[in-house]
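First comes the structure, then the notes that go with it.
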Amino acid sequence: MKNKLIASANPDRLETWARYSNGLCRDCRATCCTLPVEVRIDDLIRLEVVDPFERDEPLRNIARRLSKAGIVEHFNQKHGIFTLTRLANGDCLYLDRQTRLCTVYAKRPDTCRNHPRVGPRPGYCAYQQKTVERR
C-alpha cells in the first residue's frame, strides 16, 4: 500500500491546531515538520552545512551556495534569516519520509527546538494523529 502524502498544516486556521501537551508528539504525523523552518547562521553551523570559519563571510554568499545545494529555499538578507528547503510534498528537507522522524534531531535548528513555545500559534501545534495501517 502506498504511503499517503501528509498535507501541510495551515497556520491561519486555528481549528487545525491542538493545544500542546507533553507526549503529544509520540503519535503525531510530524505535521510541524511541514511548516517553513527559519534558521540563522548558528543553526546552519550546528547542522554542519556551514563551517564555523565561514561565519564572517557575507551571508548572501552562503545563501547562494546553500541554495545551489538545495538546502535553502529563501534568504532574507535584511534579517539574516534563511528558510530551509521543503520537499514537493511540503516536508522538511530533514524529515525521514518513512518514519516521519527528524534525521538531524540532535542538531536541529532553534526554531524546531523551541516549537511550539514560539511559532505561528504559540502554545499550539499542528497535531495530526498517526493512522494505523491495516493489512
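Please note that chains go A, B, ... in the order of the C-alpha cells, that every chain numbers its residues from 1, and that ligands are numbered from 1 in the order shown.
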Q.
According to DSSP computed on the backbone, where in region 23-97 of chain A is there alpha helix (DSSP H)? Give the residues as JSON, numbers by chain.
A. {"A": [41, 42, 43, 44, 45, 46, 59, 60, 61, 62, 63, 64, 65, 66, 67, 68]}
Write the selection just made, keeping N, CA and C atoms, as a short mmCIF file (atom, residue, chain, number, x, y, z; two decimals), in the first residue's frame?
```
data_model
loop_
_atom_site.label_atom_id
_atom_site.label_comp_id
_atom_site.auth_asym_id
_atom_site.auth_seq_id
_atom_site.Cartn_x
_atom_site.Cartn_y
_atom_site.Cartn_z
N ILE A 41 22.57 31.69 11.03
CA ILE A 41 23.89 31.13 10.75
C ILE A 41 24.31 30.11 11.80
N ASP A 42 24.01 30.35 13.08
CA ASP A 42 24.39 29.39 14.12
C ASP A 42 23.71 28.03 13.91
N ASP A 43 22.46 28.05 13.45
CA ASP A 43 21.76 26.80 13.16
C ASP A 43 22.44 26.06 12.01
N LEU A 44 22.84 26.79 10.99
CA LEU A 44 23.49 26.18 9.83
C LEU A 44 24.85 25.59 10.20
N ILE A 45 25.53 26.24 11.13
CA ILE A 45 26.81 25.69 11.63
C ILE A 45 26.53 24.42 12.43
N ARG A 46 25.51 24.44 13.29
CA ARG A 46 25.16 23.24 14.07
C ARG A 46 24.76 22.09 13.15
N LEU A 59 26.63 36.80 4.28
CA LEU A 59 25.56 35.79 4.34
C LEU A 59 24.94 35.52 2.98
N ARG A 60 24.90 36.52 2.12
CA ARG A 60 24.31 36.28 0.79
C ARG A 60 25.13 35.27 0.00
N ASN A 61 26.45 35.23 0.22
CA ASN A 61 27.29 34.23 -0.46
C ASN A 61 26.97 32.83 0.06
N ILE A 62 26.78 32.74 1.38
CA ILE A 62 26.41 31.45 1.98
C ILE A 62 25.05 31.02 1.47
N ALA A 63 24.11 31.97 1.41
CA ALA A 63 22.76 31.67 0.93
C ALA A 63 22.80 31.17 -0.51
N ARG A 64 23.60 31.79 -1.33
CA ARG A 64 23.71 31.38 -2.74
C ARG A 64 24.24 29.95 -2.83
N ARG A 65 25.27 29.65 -2.06
CA ARG A 65 25.86 28.29 -2.08
C ARG A 65 24.86 27.25 -1.60
N LEU A 66 24.17 27.56 -0.49
CA LEU A 66 23.22 26.60 0.07
C LEU A 66 21.97 26.45 -0.80
N SER A 67 21.63 27.50 -1.51
CA SER A 67 20.51 27.41 -2.44
C SER A 67 20.86 26.48 -3.60
N LYS A 68 22.06 26.63 -4.13
CA LYS A 68 22.52 25.73 -5.21
C LYS A 68 22.58 24.29 -4.74
#
```
(Q) I'd like the contact shell of region 84-100 of chain A - 6 Å cut-off, only C-alpha atoms, skipping same-chain residues fewer than 2 positions apart - returned as a PyMOL selection string. (A) chain A and resi 33-34+37+71-73+102-103
Q: Find the residues near Gln128 (chain A): any atom within 12 Å, counting only C-alpha atoms, skip ones fewer than 2 places away on the same chain, and give them as number ranges by chain.
A: A: 6-10, 15-20, 24-34, 125-126, 130-131
Take the selection from the previous step and output its residues with C-alpha atoms, as a PDB file, in the first residue's frame.
```pdb
ATOM      1  CA  ILE A   6       0.579  14.482   4.537  1.00  0.00           C
ATOM      2  CA  ALA A   7      -0.952  17.884   3.893  1.00  0.00           C
ATOM      3  CA  SER A   8       0.811  20.895   5.343  1.00  0.00           C
ATOM      4  CA  ALA A   9      -0.706  22.468   8.425  1.00  0.00           C
ATOM      5  CA  ASN A  10      -2.449  25.763   7.873  1.00  0.00           C
ATOM      6  CA  GLU A  15      -9.128  24.775  14.260  1.00  0.00           C
ATOM      7  CA  THR A  16      -6.435  22.620  12.593  1.00  0.00           C
ATOM      8  CA  TRP A  17      -4.156  23.124  15.613  1.00  0.00           C
ATOM      9  CA  ALA A  18      -4.235  21.489  19.059  1.00  0.00           C
ATOM     10  CA  ARG A  19      -3.138  22.967  22.362  1.00  0.00           C
ATOM     11  CA  TYR A  20       0.250  21.425  23.032  1.00  0.00           C
ATOM     12  CA  LEU A  24       1.512  14.787  22.036  1.00  0.00           C
ATOM     13  CA  CYS A  25       4.465  14.262  19.670  1.00  0.00           C
ATOM     14  CA  ARG A  26       4.616  10.493  20.291  1.00  0.00           C
ATOM     15  CA  ASP A  27       1.740   9.690  17.952  1.00  0.00           C
ATOM     16  CA  CYS A  28       1.828  12.747  15.690  1.00  0.00           C
ATOM     17  CA  ARG A  29       2.450  12.650  11.940  1.00  0.00           C
ATOM     18  CA  ALA A  30       5.142  15.365  12.297  1.00  0.00           C
ATOM     19  CA  THR A  31       2.875  17.980  10.790  1.00  0.00           C
ATOM     20  CA  CYS A  32       5.040  20.741  12.277  1.00  0.00           C
ATOM     21  CA  CYS A  33       7.807  19.457  10.009  1.00  0.00           C
ATOM     22  CA  THR A  34       5.816  20.676   7.008  1.00  0.00           C
ATOM     23  CA  CYS A 125       0.865  22.707  17.354  1.00  0.00           C
ATOM     24  CA  ALA A 126      -0.323  21.323  14.053  1.00  0.00           C
ATOM     25  CA  LYS A 130      -0.776   8.937  13.034  1.00  0.00           C
ATOM     26  CA  THR A 131      -3.080   6.493  11.357  1.00  0.00           C
TER      27      THR A 131
END
```
(Q) Calculated over only C-alpha atoms, which of the candidates A:Gly70, A:Val49, A:Glu38, A:Arg13 has the smallest distance to Val104 (chain A)? (A)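 Of all the options, A:Val49 lies closest to Val104 (chain A).
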